[in-house]
Amino acid sequence: MTTSLLLALMLTAEPPALKEVLTKYDAVMAPATFKATATMTAHRDDGTTRGYKMNILKGADDKSRIWFQEPAAVRGQEMLRNGENFWVYMPNLKRALRLASRDNFQGGDFNNADVLRASYAADYQGTVKEDAAKPETWLLELKSTNPDTSYDSIKLWVLKSPLGIPVRGEYFTSSGKMLRSAEFSDVKDFGNGHKRPSHVVMRNEIATQRFSEMHWDAVDTAAPVGDGKFSLSDLGH
């Protein structure tokens, strides 16, 4: 099959239902449960960088927990999400402080909800359409149905095949101003049938000299995840 014929077929395909695409996207980016290790590098306005190494645990029902390993200044800190509630555990205070989903994650350009994943299928409605500039993708134009989400609207490009793997995202305020944009790359097979982009670059569209990179080093969707790990009383242990 020629390239031109393949592109023509892509452009004439019937768009799938939004719920189907978002469910696939959620399964790619935030499986029901998993253990993972990841590294974030924050690039500051002044040209300096700071790297963070972390262990991540994802449980069912929008529960996530992160343990920071590096740098030394944040070692021992933990972050917890339980539903729409976010906390950071400060080892020097021996207590957890409330966070907002929209707060910058460790001062970088991802926000807390970008990393401690939400469910797009539950939180957004919208449309699926073609994009002639990216015929290998579906363009999802999403509007939040949950007042606690970090973004009022999102444009998300995902591959048609395999369905749901993101390529690019653009994230907006209620006024239509773009806050951030993301590029997803380096799709990797992490085992147990789970493939996802291992590298995400999030660019700050307000302070345009800033951007952050998240690299997923390992993701284990078969690891046992105990529900007790997502309680406030377990932080610091």
# chains A, B, ... in the order shown; residues from 1 in each chain; ligands from 1

call {"tool": "residues_around", "arguments": {"residues": "Arg81 (chain A)", "least_positions_apart": "3", "cutoff": "8 Å", "atoms": "only C-alpha atoms", "output": "ChimeraX atom specification"}}
result
/A:62-65,84-87,116,230

call {"tool": "select_by_dssp", "arguments": {"residues": "region 99-235 of chain A", "states": "alpha helix (DSSP H)", "output": "PyMOL selection string"}}
result
chain A and resi 112-115+120-123

call {"tool": "write_last_selection", "arguments": {"atoms": "C-alpha atoms", "output": "tab-separated table (two decimals), in the first residue's frame"}}
result
chain	number	residue	atom	x	y	z
A	112	ASN	CA	0.49	17.91	40.66
A	113	ALA	CA	-2.44	16.37	38.77
A	114	ASP	CA	-0.28	15.86	35.65
A	115	VAL	CA	1.94	13.48	37.62
A	120	TYR	CA	-9.67	11.95	31.58
A	121	ALA	CA	-12.57	9.62	30.76
A	122	ALA	CA	-14.29	10.66	33.99
A	123	ASP	CA	-13.40	14.36	33.95

call {"tool": "residues_around", "arguments": {"residues": "Leu156 (chain A)", "least_positions_apart": "4", "cutoff": "7 Å", "atoms": "only C-alpha atoms", "output": "ChimeraX atom specification"}}
result
/A:139-141,168-170

call {"tool": "residues_around", "arguments": {"residues": "Ala218 (chain A)", "least_positions_apart": "3", "cutoff": "9 Å", "atoms": "only C-alpha atoms", "output": "VMD selection string"}}
result
chain A and resid 35 to 38 190 198

call {"tool": "write_last_selection", "arguments": {"atoms": "N, CA and C atoms", "output": "PDB file, in the first residue's frame"}}
result
ATOM      1  N   LYS A  35       3.514   0.157  39.842  1.00  0.00           N
ATOM      2  CA  LYS A  35       4.670   0.726  40.511  1.00  0.00           C
ATOM      3  C   LYS A  35       5.609   1.238  39.429  1.00  0.00           C
ATOM      4  N   ALA A  36       6.280   2.357  39.681  1.00  0.00           N
ATOM      5  CA  ALA A  36       7.136   2.943  38.651  1.00  0.00           C
ATOM      6  C   ALA A  36       8.289   3.705  39.288  1.00  0.00           C
ATOM      7  N   THR A  37       9.326   3.925  38.487  1.00  0.00           N
ATOM      8  CA  THR A  37      10.397   4.856  38.829  1.00  0.00           C
ATOM      9  C   THR A  37      10.501   5.867  37.691  1.00  0.00           C
ATOM     10  N   ALA A  38      10.745   7.117  38.049  1.00  0.00           N
ATOM     11  CA  ALA A  38      10.784   8.176  37.046  1.00  0.00           C
ATOM     12  C   ALA A  38      11.755   9.265  37.476  1.00  0.00           C
ATOM     13  N   PHE A 190       6.962  -1.659  28.417  1.00  0.00           N
ATOM     14  CA  PHE A 190       7.382  -1.860  29.810  1.00  0.00           C
ATOM     15  C   PHE A 190       7.040  -3.255  30.329  1.00  0.00           C
ATOM     16  N   SER A 198       7.769   7.048  27.020  1.00  0.00           N
ATOM     17  CA  SER A 198       8.653   7.067  28.189  1.00  0.00           C
ATOM     18  C   SER A 198       9.229   8.457  28.445  1.00  0.00           C
TER      19      SER A 198
END

call {"tool": "atom_distance", "arguments": {"atom1": "CA of Leu80 (chain A)", "atom2": "CA of Asp148 (chain A)"}}
result
16.2 Å

call {"tool": "closest_residue", "arguments": {"among": "A:Glu205, A:Asp26, A:Asp109, A:Asp103", "to": "Arg44 (chain A)", "atoms": "only C-alpha atoms"}}
result
A:Asp109

call {"tool": "closest_atom_pairs", "arguments": {"of": "region 14-54 of chain A", "to": "region 207-211 of chain A", "cutoff": "8 Å", "atoms": "only C-alpha atoms", "output": "tab-separated table"}}
result
residue	atom	partner	partner_atom	distance
A:Ala42	CA	A:Phe211	CA	6.3
A:His43	CA	A:Phe211	CA	5.3
A:Arg44	CA	A:Arg210	CA	5.2
A:Asp45	CA	A:Gln209	CA	5.2

call {"tool": "residues_around", "arguments": {"residues": "Phe34 (chain A)", "least_positions_apart": "2", "cutoff": "10 Å", "atoms": "only C-alpha atoms", "output": "PyMOL selection string"}}
result
chain A and resi 30-32+36+56-60+64+219-225

call {"tool": "residues_around", "arguments": {"residues": "Ala17 (chain A)", "least_positions_apart": "6", "cutoff": "12 Å", "atoms": "only C-alpha atoms", "output": "number ranges by chain"}}
result
A: 23-24, 121, 125-129, 138, 140, 163-164

call {"tool": "residues_around", "arguments": {"residues": "region 90-95 of chain A", "least_positions_apart": "5", "cutoff": "7 Å", "atoms": "only C-alpha atoms", "output": "short mmCIF file (atom, residue, chain, number, x, y, z; two decimals) with N, CA and C atoms, in the first residue's frame"}}
result
data_model
loop_
_atom_site.label_atom_id
_atom_site.label_comp_id
_atom_site.auth_asym_id
_atom_site.auth_seq_id
_atom_site.Cartn_x
_atom_site.Cartn_y
_atom_site.Cartn_z
N GLY A 76 13.07 11.99 51.30
CA GLY A 76 12.17 11.78 52.43
C GLY A 76 10.82 12.44 52.25
N GLN A 77 10.73 13.40 51.33
CA GLN A 77 9.42 13.98 51.04
C GLN A 77 8.55 12.95 50.32
N GLY A 236 5.44 8.88 55.67
CA GLY A 236 6.62 8.93 56.55
C GLY A 236 7.05 7.58 57.05
#

call {"tool": "select_by_dssp", "arguments": {"residues": "region 30-70 of chain A", "states": "strand (DSSP E or B)", "output": "list of chain:residue names"}}
result
A:Phe34, A:Lys35, A:Ala36, A:Thr37, A:Ala38, A:Thr39, A:Met40, A:Thr41, A:Ala42, A:His43, A:Thr49, A:Arg50, A:Gly51, A:Tyr52, A:Lys53, A:Met54, A:Asn55, A:Ile56, A:Leu57, A:Lys58, A:Gly59, A:Lys63, A:Ser64, A:Arg65, A:Ile66, A:Trp67, A:Phe68, A:Gln69, A:Glu70

call {"tool": "write_last_selection", "arguments": {"atoms": "N, CA and C atoms", "output": "PDB file, in the first residue's frame"}}
result
ATOM      1  N   PHE A  34      -0.084   0.386  39.398  1.00  0.00           N
ATOM      2  CA  PHE A  34       1.285   0.113  38.940  1.00  0.00           C
ATOM      3  C   PHE A  34       2.290   0.644  39.955  1.00  0.00           C
ATOM      4  N   LYS A  35       3.514   0.157  39.842  1.00  0.00           N
ATOM      5  CA  LYS A  35       4.670   0.726  40.511  1.00  0.00           C
ATOM      6  C   LYS A  35       5.609   1.238  39.429  1.00  0.00           C
ATOM      7  N   ALA A  36       6.280   2.357  39.681  1.00  0.00           N
ATOM      8  CA  ALA A  36       7.136   2.943  38.651  1.00  0.00           C
ATOM      9  C   ALA A  36       8.289   3.705  39.288  1.00  0.00           C
ATOM     10  N   THR A  37       9.326   3.925  38.487  1.00  0.00           N
ATOM     11  CA  THR A  37      10.397   4.856  38.829  1.00  0.00           C
ATOM     12  C   THR A  37      10.501   5.867  37.691  1.00  0.00           C
ATOM     13  N   ALA A  38      10.745   7.117  38.049  1.00  0.00           N
ATOM     14  CA  ALA A  38      10.784   8.176  37.046  1.00  0.00           C
ATOM     15  C   ALA A  38      11.755   9.265  37.476  1.00  0.00           C
ATOM     16  N   THR A  39      12.168  10.063  36.495  1.00  0.00           N
ATOM     17  CA  THR A  39      13.070  11.189  36.742  1.00  0.00           C
ATOM     18  C   THR A  39      12.494  12.430  36.082  1.00  0.00           C
ATOM     19  N   MET A  40      12.399  13.522  36.816  1.00  0.00           N
ATOM     20  CA  MET A  40      11.990  14.798  36.237  1.00  0.00           C
ATOM     21  C   MET A  40      13.161  15.765  36.266  1.00  0.00           C
ATOM     22  N   THR A  41      13.373  16.456  35.158  1.00  0.00           N
ATOM     23  CA  THR A  41      14.376  17.518  35.094  1.00  0.00           C
ATOM     24  C   THR A  41      13.655  18.821  34.796  1.00  0.00           C
ATOM     25  N   ALA A  42      13.774  19.779  35.715  1.00  0.00           N
ATOM     26  CA  ALA A  42      13.152  21.091  35.561  1.00  0.00           C
ATOM     27  C   ALA A  42      14.197  22.072  35.031  1.00  0.00           C
ATOM     28  N   HIS A  43      13.887  22.716  33.915  1.00  0.00           N
ATOM     29  CA  HIS A  43      14.760  23.711  33.299  1.00  0.00           C
ATOM     30  C   HIS A  43      14.244  25.092  33.673  1.00  0.00           C
ATOM     31  N   THR A  49      19.274  23.803  35.815  1.00  0.00           N
ATOM     32  CA  THR A  49      18.374  22.650  35.852  1.00  0.00           C
ATOM     33  C   THR A  49      18.417  22.015  37.240  1.00  0.00           C
ATOM     34  N   ARG A  50      17.354  21.275  37.535  1.00  0.00           N
ATOM     35  CA  ARG A  50      17.329  20.509  38.768  1.00  0.00           C
ATOM     36  C   ARG A  50      16.613  19.196  38.488  1.00  0.00           C
ATOM     37  N   GLY A  51      17.228  18.106  38.908  1.00  0.00           N
ATOM     38  CA  GLY A  51      16.671  16.788  38.647  1.00  0.00           C
ATOM     39  C   GLY A  51      16.069  16.164  39.889  1.00  0.00           C
ATOM     40  N   TYR A  52      14.999  15.400  39.698  1.00  0.00           N
ATOM     41  CA  TYR A  52      14.303  14.720  40.786  1.00  0.00           C
ATOM     42  C   TYR A  52      14.121  13.258  40.410  1.00  0.00           C
ATOM     43  N   LYS A  53      14.532  12.360  41.298  1.00  0.00           N
ATOM     44  CA  LYS A  53      14.281  10.942  41.110  1.00  0.00           C
ATOM     45  C   LYS A  53      13.214  10.501  42.102  1.00  0.00           C
ATOM     46  N   MET A  54      12.297   9.660  41.636  1.00  0.00           N
ATOM     47  CA  MET A  54      11.158   9.308  42.485  1.00  0.00           C
ATOM     48  C   MET A  54      10.663   7.898  42.207  1.00  0.00           C
ATOM     49  N   ASN A  55      10.035   7.328  43.218  1.00  0.00           N
ATOM     50  CA  ASN A  55       9.273   6.096  43.087  1.00  0.00           C
ATOM     51  C   ASN A  55       7.799   6.460  43.135  1.00  0.00           C
ATOM     52  N   ILE A  56       7.007   5.815  42.287  1.00  0.00           N
ATOM     53  CA  ILE A  56       5.590   6.145  42.158  1.00  0.00           C
ATOM     54  C   ILE A  56       4.760   4.887  42.364  1.00  0.00           C
ATOM     55  N   LEU A  57       3.678   5.030  43.108  1.00  0.00           N
ATOM     56  CA  LEU A  57       2.730   3.943  43.309  1.00  0.00           C
ATOM     57  C   LEU A  57       1.349   4.451  42.935  1.00  0.00           C
ATOM     58  N   LYS A  58       0.674   3.736  42.039  1.00  0.00           N
ATOM     59  CA  LYS A  58      -0.672   4.123  41.604  1.00  0.00           C
ATOM     60  C   LYS A  58      -1.660   3.055  42.028  1.00  0.00           C
ATOM     61  N   GLY A  59      -2.710   3.484  42.743  1.00  0.00           N
ATOM     62  CA  GLY A  59      -3.762   2.574  43.163  1.00  0.00           C
ATOM     63  C   GLY A  59      -5.063   2.890  42.458  1.00  0.00           C
ATOM     64  N   LYS A  63      -5.937   7.107  43.356  1.00  0.00           N
ATOM     65  CA  LYS A  63      -5.010   7.124  44.481  1.00  0.00           C
ATOM     66  C   LYS A  63      -3.586   6.983  43.950  1.00  0.00           C
ATOM     67  N   SER A  64      -2.702   7.872  44.378  1.00  0.00           N
ATOM     68  CA  SER A  64      -1.302   7.829  43.946  1.00  0.00           C
ATOM     69  C   SER A  64      -0.412   8.294  45.090  1.00  0.00           C
ATOM     70  N   ARG A  65       0.821   7.792  45.083  1.00  0.00           N
ATOM     71  CA  ARG A  65       1.792   8.194  46.102  1.00  0.00           C
ATOM     72  C   ARG A  65       3.184   8.237  45.477  1.00  0.00           C
ATOM     73  N   ILE A  66       3.971   9.215  45.879  1.00  0.00           N
ATOM     74  CA  ILE A  66       5.327   9.386  45.359  1.00  0.00           C
ATOM     75  C   ILE A  66       6.295   9.509  46.523  1.00  0.00           C
ATOM     76  N   TRP A  67       7.435   8.823  46.399  1.00  0.00           N
ATOM     77  CA  TRP A  67       8.554   8.949  47.336  1.00  0.00           C
ATOM     78  C   TRP A  67       9.719   9.574  46.572  1.00  0.00           C
ATOM     79  N   PHE A  68      10.266  10.685  47.070  1.00  0.00           N
ATOM     80  CA  PHE A  68      11.392  11.343  46.402  1.00  0.00           C
ATOM     81  C   PHE A  68      12.713  10.789  46.928  1.00  0.00           C
ATOM     82  N   GLN A  69      13.608  10.440  46.007  1.00  0.00           N
ATOM     83  CA  GLN A  69      14.919   9.895  46.338  1.00  0.00           C
ATOM     84  C   GLN A  69      16.033  10.935  46.174  1.00  0.00           C
ATOM     85  N   GLU A  70      15.942  11.753  45.162  1.00  0.00           N
ATOM     86  CA  GLU A  70      16.935  12.799  44.872  1.00  0.00           C
ATOM     87  C   GLU A  70      16.198  14.026  44.363  1.00  0.00           C
TER      88      GLU A  70
END

call {"tool": "closest_residue", "arguments": {"among": "A:Thr145, A:Asn204, A:Ser119, A:Ser185", "to": "Tyr25 (chain A)", "atoms": "only C-alpha atoms"}}
result
A:Ser119

call {"tool": "atom_distance", "arguments": {"atom1": "CA of Asp189 (chain A)", "atom2": "CA of Ala27 (chain A)"}}
result
13.7 Å
